[in-house]
Amino acid sequence: MAETTTLDRPAPPASSGPALLSVRDLQAWYGESHILHGMNFEVRTGEVVTLLGRNGAGKTTTLKSVMGIIGKRTGAINFDGHDISRAASDKIAKRGIAFCPEERGIFASLDVRENLMLPPQVRPGGLSLEQIFELFPNLRERLKSQGTKLSGGEQQMLAIARILRTGARFLMLDEPTEGLAPVIIQQIGHTIARLKKEGFTILLVEQNFRFAATVADRYYVVEHGKIIDGFANAELEANMDKLHTYLGV
Amino acid sequence: MSINIQALLAQLLVGLINGSFYALLSLGLAVIFGMLNIINFAHGALYMMGAFCAYFLLNLFGIGYWWALILAPLIVGAFGMLMERTLLQWLSGLDHLYGLLLTFGVALIIQGLFQNYFGSSGLPYAIPDELKGGMNLGFMFLPIYRGWVVAFSLVICLLTWYLIERTRLGANLRAATENPTLVRAFGINVPRMITLTYGLGVGLAALAGVLSAPINQVRPLMGADLIIVVFAVVVIGGMGSIMGSIITGFTLGVIEGLTKYFYPEASNTVVFVLMVLVLLVKPSGLTGRAS
Ligand SMILES: Nc1ncnc2c1ncn2[C@@H]1O[C@H](COP(=O)(O)OP(=O)(O)OP(=O)(O)O)[C@@H](O)[C@H]1O
Ligand SMILES: [Mg+2]
């Protein structure tokens with residue numbers, strides 16, 4: 001059952017410095033179905049790294065595995081000098097990883113303020129409510145609304161905003177632009193760029209590589225539960241043809 | 001027919017008292033169901049343990065009613081948390097049926113043990129001195145202890161509602177009811193929260209047990225009789241809402257009381273008739289979420 005797994009291609013060039021997150025031979029299962037077959041990648045402090053790949057490739061599963069919310073996972077996951085491959089998800093969050101799930105995960109039984117205040121602070125230095133409202137002015141007016149009564153875009157902002165409060169410096173964002181209008185995608189792009197400037201490290205999952213190109217330092221391509229390629233943003237143009245084949249667009 | 005106001009009010013009061021117990025118990029059941037997804041059939045046995053706890057505190061340690069109101073819920077709640085850690089936690093993710101069967105079995109064991117040592121007859125528990133006697137309200141005579149039970153239960157129910165619907169802790173609880181995985185991934189210790197929630201629900205049952213001790217005596221099967229009606233109340237109200245279980249609990253107690261006055265023959269069955277009617281019209285209960 002254990003396939004020997006290595007990168008099919010050499011690891012992509014990356015900005016120097018030690019890896020904040022390093023994933024080696026990650027395998028993951030939902031019940032009996034074996035989804036990840038040996039993922040290898042890393043994210044360095046301050047980088048924005050994007051996972052690209054078709055539907056069902058295993059991008060979300062990768063984030064869930066790092067977060068520790070999947071049935072079974074094996075391999076080495078190292079974060080900030082600690083092995084988190086066997087830790088429970090609340091302990092992983094406390095190490096400073098924050099997760100914004102694909103389906104956004106806004107709670108219907110909580111109002112916007114409660115949604116915003118839900119994730120506990122794991123580190124000092126999270127954004128204050130004022131700073132959050134400066135990033136997402138819409139939220140200030142909607143504090144009393146039921147979380148799920150917000151528009152899709154507002155819910156996405158809320159989902160990002162609430163993890164910025166926690167002080168976590170490593171964010172995993174799963175398709176934050178999915179199904180949103182261009183102007184909101186732009187706003188989320190600005191937010192990510194701004195977070196990057198402030199030193200956050202971000203692991204992003206995106207189908208929309210035109211959007212990703214505006215914020216990412218590096219890309220990995222995921223297919224059938226493996227990383228099959230990777231390159232830096234500067235090499236994006238040169239890799240366009242390959243990318244089109246990989247993503248089938 | 002001529003209405004005897006005195007008798008009617010007396011039955012109303014009995015109804016309100018029963019309603020207090022229904023509300024406290026169905027509230028606990030709803031909280032437990034929301035968080036653990038378990039239909040806690042042991043609830044009646046735990047209610048009985050609350051009453052016995054008060055009895056032991058008094059007769060073994062000379063600790064009276066007022067302390068029992070605090071200690072019994074804590075002691076029985078701790079027992080519940082132990083039960084959650086050792087038994088119930090392994091059922092997470094399984095069908096409701098497993099939790100129901102397990103807690104039913106636990107209830108039978110607890111009740112069997114108590115029956116073995118104490119028989120089936122009731123042990124007396126005196127009304128505390130401060131609450132003895134009655135008040136003449138002009139239109140009726142109100143035994144103080146009974147008035148106290150209704151008022152205190154109502155306060156506890158509303159406090160529980162406030163805790164869950166209006167506080168930070170309650171927000172964590174509501175969120176974890178919706179999506180425990182994500183809440184845990186935010187760094188909240190959800191398993192500990194589940195244990196405490198079970199403790200809270202059980203503590204409410206034990207508190208009801210203490211309140212009932214001076215009225216109904218302390219009997220091993222006191223909970224077994226009551227819990228059947230409480231489950232009907234829960235079915236009628238639905239598991240979905242905290243306020244819903246409180247209101248349904250009190251309302252059904254009152255309806256039962258009124259039935260006792262107007263048509264006593266039906267007083268033991270009226271709740272079940274209502275349950276059938278509600279199930280026909282709205283299977284998820286009056287305040288329940290459709291599942
Ligand atoms: N809860 C689950 N149970 C069983 N299989 C699952 C589950 N979630 C996902 N899968 C399967 O795992 C594979 C990878 O899914 P994943 O969600 O990681 O893909 P993805 O790359 O995020 O896709 P998308 O771009 O559509 O979000 C898919 O084949 C999917 O069918
Ligand atoms: Mg996905």
# chains A, B, ... in the order shown; residues from 1 in each chain; ligands from 1

$ interface_residues --of "chain B" --to "chain A" --cutoff "9 Å" --atoms "only C-alpha atoms" --output "number ranges by chain"
B: 165, 168, 171-172, 174-175, 178-179, 181-190

$ residues_around --residues "A:Arg142" --least-positions-apart "5" --cutoff "12 Å" --atoms "only C-alpha atoms" --output "PyMOL selection string"
chain A and resi 111-116+133+136-137+147-151+154-155+157-158

$ write_last_selection --atoms "C-alpha atoms" --output "PDB file, in the first residue's frame"
ATOM      1  CA  ASP A 111     -24.071  36.680  14.660  1.00  0.00           C
ATOM      2  CA  VAL A 112     -21.260  38.401  12.796  1.00  0.00           C
ATOM      3  CA  ARG A 113     -19.576  39.682  15.931  1.00  0.00           C
ATOM      4  CA  GLU A 114     -19.701  36.244  17.552  1.00  0.00           C
ATOM      5  CA  ASN A 115     -18.307  34.683  14.379  1.00  0.00           C
ATOM      6  CA  LEU A 116     -15.537  37.242  14.416  1.00  0.00           C
ATOM      7  CA  PHE A 133     -12.791  46.997  10.023  1.00  0.00           C
ATOM      8  CA  PHE A 136     -13.212  45.072   5.627  1.00  0.00           C
ATOM      9  CA  PRO A 137     -15.438  48.091   6.250  1.00  0.00           C
ATOM     10  CA  GLY A 147     -23.501  35.129  10.096  1.00  0.00           C
ATOM     11  CA  THR A 148     -25.049  33.285   7.206  1.00  0.00           C
ATOM     12  CA  LYS A 149     -27.271  36.248   6.248  1.00  0.00           C
ATOM     13  CA  LEU A 150     -24.220  38.003   4.817  1.00  0.00           C
ATOM     14  CA  SER A 151     -23.564  37.945   1.090  1.00  0.00           C
ATOM     15  CA  GLU A 154     -19.041  39.387   3.021  1.00  0.00           C
ATOM     16  CA  GLN A 155     -18.939  35.851   4.391  1.00  0.00           C
ATOM     17  CA  MET A 157     -14.316  38.573   4.310  1.00  0.00           C
ATOM     18  CA  LEU A 158     -15.636  37.462   7.687  1.00  0.00           C
TER      19      LEU A 158
END

$ residues_around --residues "stretch 79-88 of chain B" --least-positions-apart "6" --cutoff "7 Å" --atoms "only C-alpha atoms" --output "PyMOL selection string"
chain B and resi 195-196+198-199+202

$ residues_near_ligand --ligand "ligand 2" --cutoff "9 Å" --atoms "only C-alpha atoms and all ligand atoms" --output "count of residues only"
15

$ closest_residue --among "A:Gly225, A:Gly152, A:Gly75, A:Pro124" --to "ligand 1" --atoms "only C-alpha atoms and all ligand atoms"
A:Gly225

$ select_by_dssp --residues "stretch 76-122 of chain A" --states "alpha helix (DSSP H)" --output "MDAnalysis selection string"
chainID A and resid 89:94 112:117

$ write_last_selection --atoms "C-alpha atoms" --output "CSV table (one decimal), in the first residue's frame"
chain,number,residue,atom,x,y,z
A,89,SER,CA,-6.1,20.2,15.4
A,90,ASP,CA,-6.6,22.5,18.5
A,91,LYS,CA,-2.9,22.0,19.4
A,92,ILE,CA,-1.9,22.8,15.8
A,93,ALA,CA,-4.0,26.0,15.8
A,94,LYS,CA,-2.2,27.0,19.0
A,112,VAL,CA,-21.3,38.4,12.8
A,113,ARG,CA,-19.6,39.7,15.9
A,114,GLU,CA,-19.7,36.2,17.6
A,115,ASN,CA,-18.3,34.7,14.4
A,116,LEU,CA,-15.5,37.2,14.4
A,117,MET,CA,-14.7,36.7,18.1

$ atom_distance --atom1 "atom CA of A:Ser22" --atom2 "atom 18 (O, counted along the ligand's line) of ligand 1"
18.5 Å

$ closest_residue --among "A:Val221, A:Ile184, A:Val49, A:Ala213" --to "ligand 1" --atoms "only C-alpha atoms and all ligand atoms"
A:Val221

$ atom_distance --atom1 "atom CA of B:Met35" --atom2 "atom CA of B:Leu173"
7.5 Å

$ atom_distance --atom1 "atom CA of B:Ile127" --atom2 "atom CA of B:Leu200"
25.4 Å

$ residues_around --residues "A:Gly125" --least-positions-apart "5" --cutoff "10 Å" --atoms "only C-alpha atoms" --output "short mmCIF file (atom, residue, chain, number, x, y, z; two decimals) with N, CA and C atoms, in the first residue's frame"
data_model
loop_
_atom_site.label_atom_id
_atom_site.label_comp_id
_atom_site.auth_asym_id
_atom_site.auth_seq_id
_atom_site.Cartn_x
_atom_site.Cartn_y
_atom_site.Cartn_z
N LEU A 164 -7.58 36.61 11.39
CA LEU A 164 -6.53 37.62 11.54
C LEU A 164 -6.45 38.12 12.98
N ARG A 165 -7.55 37.95 13.70
CA ARG A 165 -7.58 38.37 15.10
C ARG A 165 -6.70 37.49 16.00
N THR A 166 -6.44 36.26 15.53
CA THR A 166 -5.91 35.25 16.44
C THR A 166 -4.43 35.41 16.74
N GLY A 167 -3.73 36.19 15.92
CA GLY A 167 -2.30 36.31 16.10
C GLY A 167 -1.51 35.24 15.38
N ALA A 168 -2.20 34.29 14.74
CA ALA A 168 -1.50 33.30 13.92
C ALA A 168 -0.82 34.03 12.77
N ARG A 169 0.41 33.62 12.46
CA ARG A 169 1.15 34.30 11.39
C ARG A 169 1.22 33.44 10.13
#

$ closest_residue --among "B:Leu36, B:Leu69, B:Val150, B:Leu280" --to "B:Pro180" --atoms "only C-alpha atoms"
B:Leu36

$ closest_residue --among "A:Gln187, A:Val48, A:Arg73, A:Met240" --to "A:Tyr30" --atoms "only C-alpha atoms"
A:Arg73

$ select_by_dssp --residues "stretch 4-234 of chain A" --states "strand (DSSP E)" --output "ChimeraX atom specification"
/A:19-30,33-44,48-53,72-79,82-83,97-100,170-174,201-205,218-223,226-232

$ decode --residues "stretch 73-106 of chain B" --atoms "N, CA and C atoms" --output "compact mmCIF listing (two decimals), in the first residue's frame"
# COMPACT_ATOMS: atom_id res chain seq x y z
N PRO B 73 -25.81 19.11 42.25
CA PRO B 73 -25.52 19.23 40.82
C PRO B 73 -24.04 19.08 40.51
N LEU B 74 -23.17 19.58 41.39
CA LEU B 74 -21.73 19.45 41.14
C LEU B 74 -21.30 17.98 41.22
N ILE B 75 -21.77 17.30 42.25
CA ILE B 75 -21.35 15.90 42.45
C ILE B 75 -21.91 15.02 41.32
N VAL B 76 -23.20 15.13 41.08
CA VAL B 76 -23.80 14.30 40.04
C VAL B 76 -23.28 14.72 38.66
N GLY B 77 -23.06 16.02 38.48
CA GLY B 77 -22.48 16.51 37.22
C GLY B 77 -21.10 15.90 37.00
N ALA B 78 -20.30 15.81 38.08
CA ALA B 78 -18.97 15.20 37.96
C ALA B 78 -19.10 13.73 37.59
N PHE B 79 -20.08 13.07 38.19
CA PHE B 79 -20.34 11.68 37.83
C PHE B 79 -20.68 11.58 36.33
N GLY B 80 -21.51 12.52 35.86
CA GLY B 80 -21.87 12.53 34.44
C GLY B 80 -20.65 12.73 33.56
N MET B 81 -19.75 13.64 33.98
CA MET B 81 -18.57 13.89 33.17
C MET B 81 -17.68 12.65 33.11
N LEU B 82 -17.61 11.95 34.22
CA LEU B 82 -16.85 10.69 34.25
C LEU B 82 -17.46 9.70 33.27
N MET B 83 -18.79 9.66 33.29
CA MET B 83 -19.51 8.77 32.38
C MET B 83 -19.23 9.14 30.93
N GLU B 84 -19.18 10.44 30.65
CA GLU B 84 -18.92 10.90 29.28
C GLU B 84 -17.51 10.49 28.86
N ARG B 85 -16.54 10.71 29.75
CA ARG B 85 -15.15 10.38 29.43
C ARG B 85 -14.96 8.89 29.22
N THR B 86 -15.61 8.07 30.08
CA THR B 86 -15.34 6.64 30.02
C THR B 86 -16.23 5.91 29.02
N LEU B 87 -17.45 6.39 28.82
CA LEU B 87 -18.38 5.63 27.96
C LEU B 87 -18.81 6.39 26.71
N LEU B 88 -19.41 7.55 26.94
CA LEU B 88 -20.11 8.20 25.83
C LEU B 88 -19.17 8.69 24.74
N GLN B 89 -17.96 9.12 25.11
CA GLN B 89 -17.09 9.72 24.10
C GLN B 89 -16.80 8.74 22.96
N TRP B 90 -16.85 7.45 23.24
CA TRP B 90 -16.53 6.49 22.19
C TRP B 90 -17.64 6.36 21.17
N LEU B 91 -18.78 6.95 21.45
CA LEU B 91 -19.91 6.83 20.52
C LEU B 91 -19.97 7.96 19.51
N SER B 92 -19.04 8.92 19.62
CA SER B 92 -19.16 10.08 18.73
C SER B 92 -19.05 9.61 17.29
N GLY B 93 -19.94 10.15 16.47
CA GLY B 93 -19.93 9.77 15.06
C GLY B 93 -20.83 8.58 14.75
N LEU B 94 -21.29 7.88 15.78
CA LEU B 94 -22.18 6.75 15.51
C LEU B 94 -23.64 7.21 15.51
N ASP B 95 -24.50 6.32 15.07
CA ASP B 95 -25.93 6.60 15.02
C ASP B 95 -26.47 6.89 16.42
N HIS B 96 -27.55 7.74 16.48
CA HIS B 96 -28.23 8.05 17.76
C HIS B 96 -28.53 6.81 18.58
N LEU B 97 -28.85 5.75 17.86
CA LEU B 97 -29.35 4.55 18.51
C LEU B 97 -28.36 4.02 19.55
N TYR B 98 -27.07 4.12 19.24
CA TYR B 98 -26.05 3.59 20.16
C TYR B 98 -26.07 4.37 21.47
N GLY B 99 -26.13 5.69 21.37
CA GLY B 99 -26.15 6.49 22.58
C GLY B 99 -27.40 6.22 23.39
N LEU B 100 -28.51 6.08 22.70
CA LEU B 100 -29.77 5.82 23.37
C LEU B 100 -29.71 4.49 24.12
N LEU B 101 -29.20 3.47 23.44
CA LEU B 101 -29.13 2.15 24.08
C LEU B 101 -28.16 2.16 25.25
N LEU B 102 -27.01 2.79 25.06
CA LEU B 102 -26.02 2.81 26.12
C LEU B 102 -26.55 3.55 27.35
N THR B 103 -27.12 4.74 27.13
CA THR B 103 -27.60 5.51 28.28
C THR B 103 -28.81 4.82 28.93
N PHE B 104 -29.60 4.14 28.12
CA PHE B 104 -30.72 3.38 28.67
C PHE B 104 -30.18 2.28 29.59
N GLY B 105 -29.15 1.59 29.12
CA GLY B 105 -28.53 0.54 29.93
C GLY B 105 -27.97 1.11 31.22
N VAL B 106 -27.28 2.23 31.11
CA VAL B 106 -26.71 2.86 32.31
C VAL B 106 -27.82 3.22 33.29
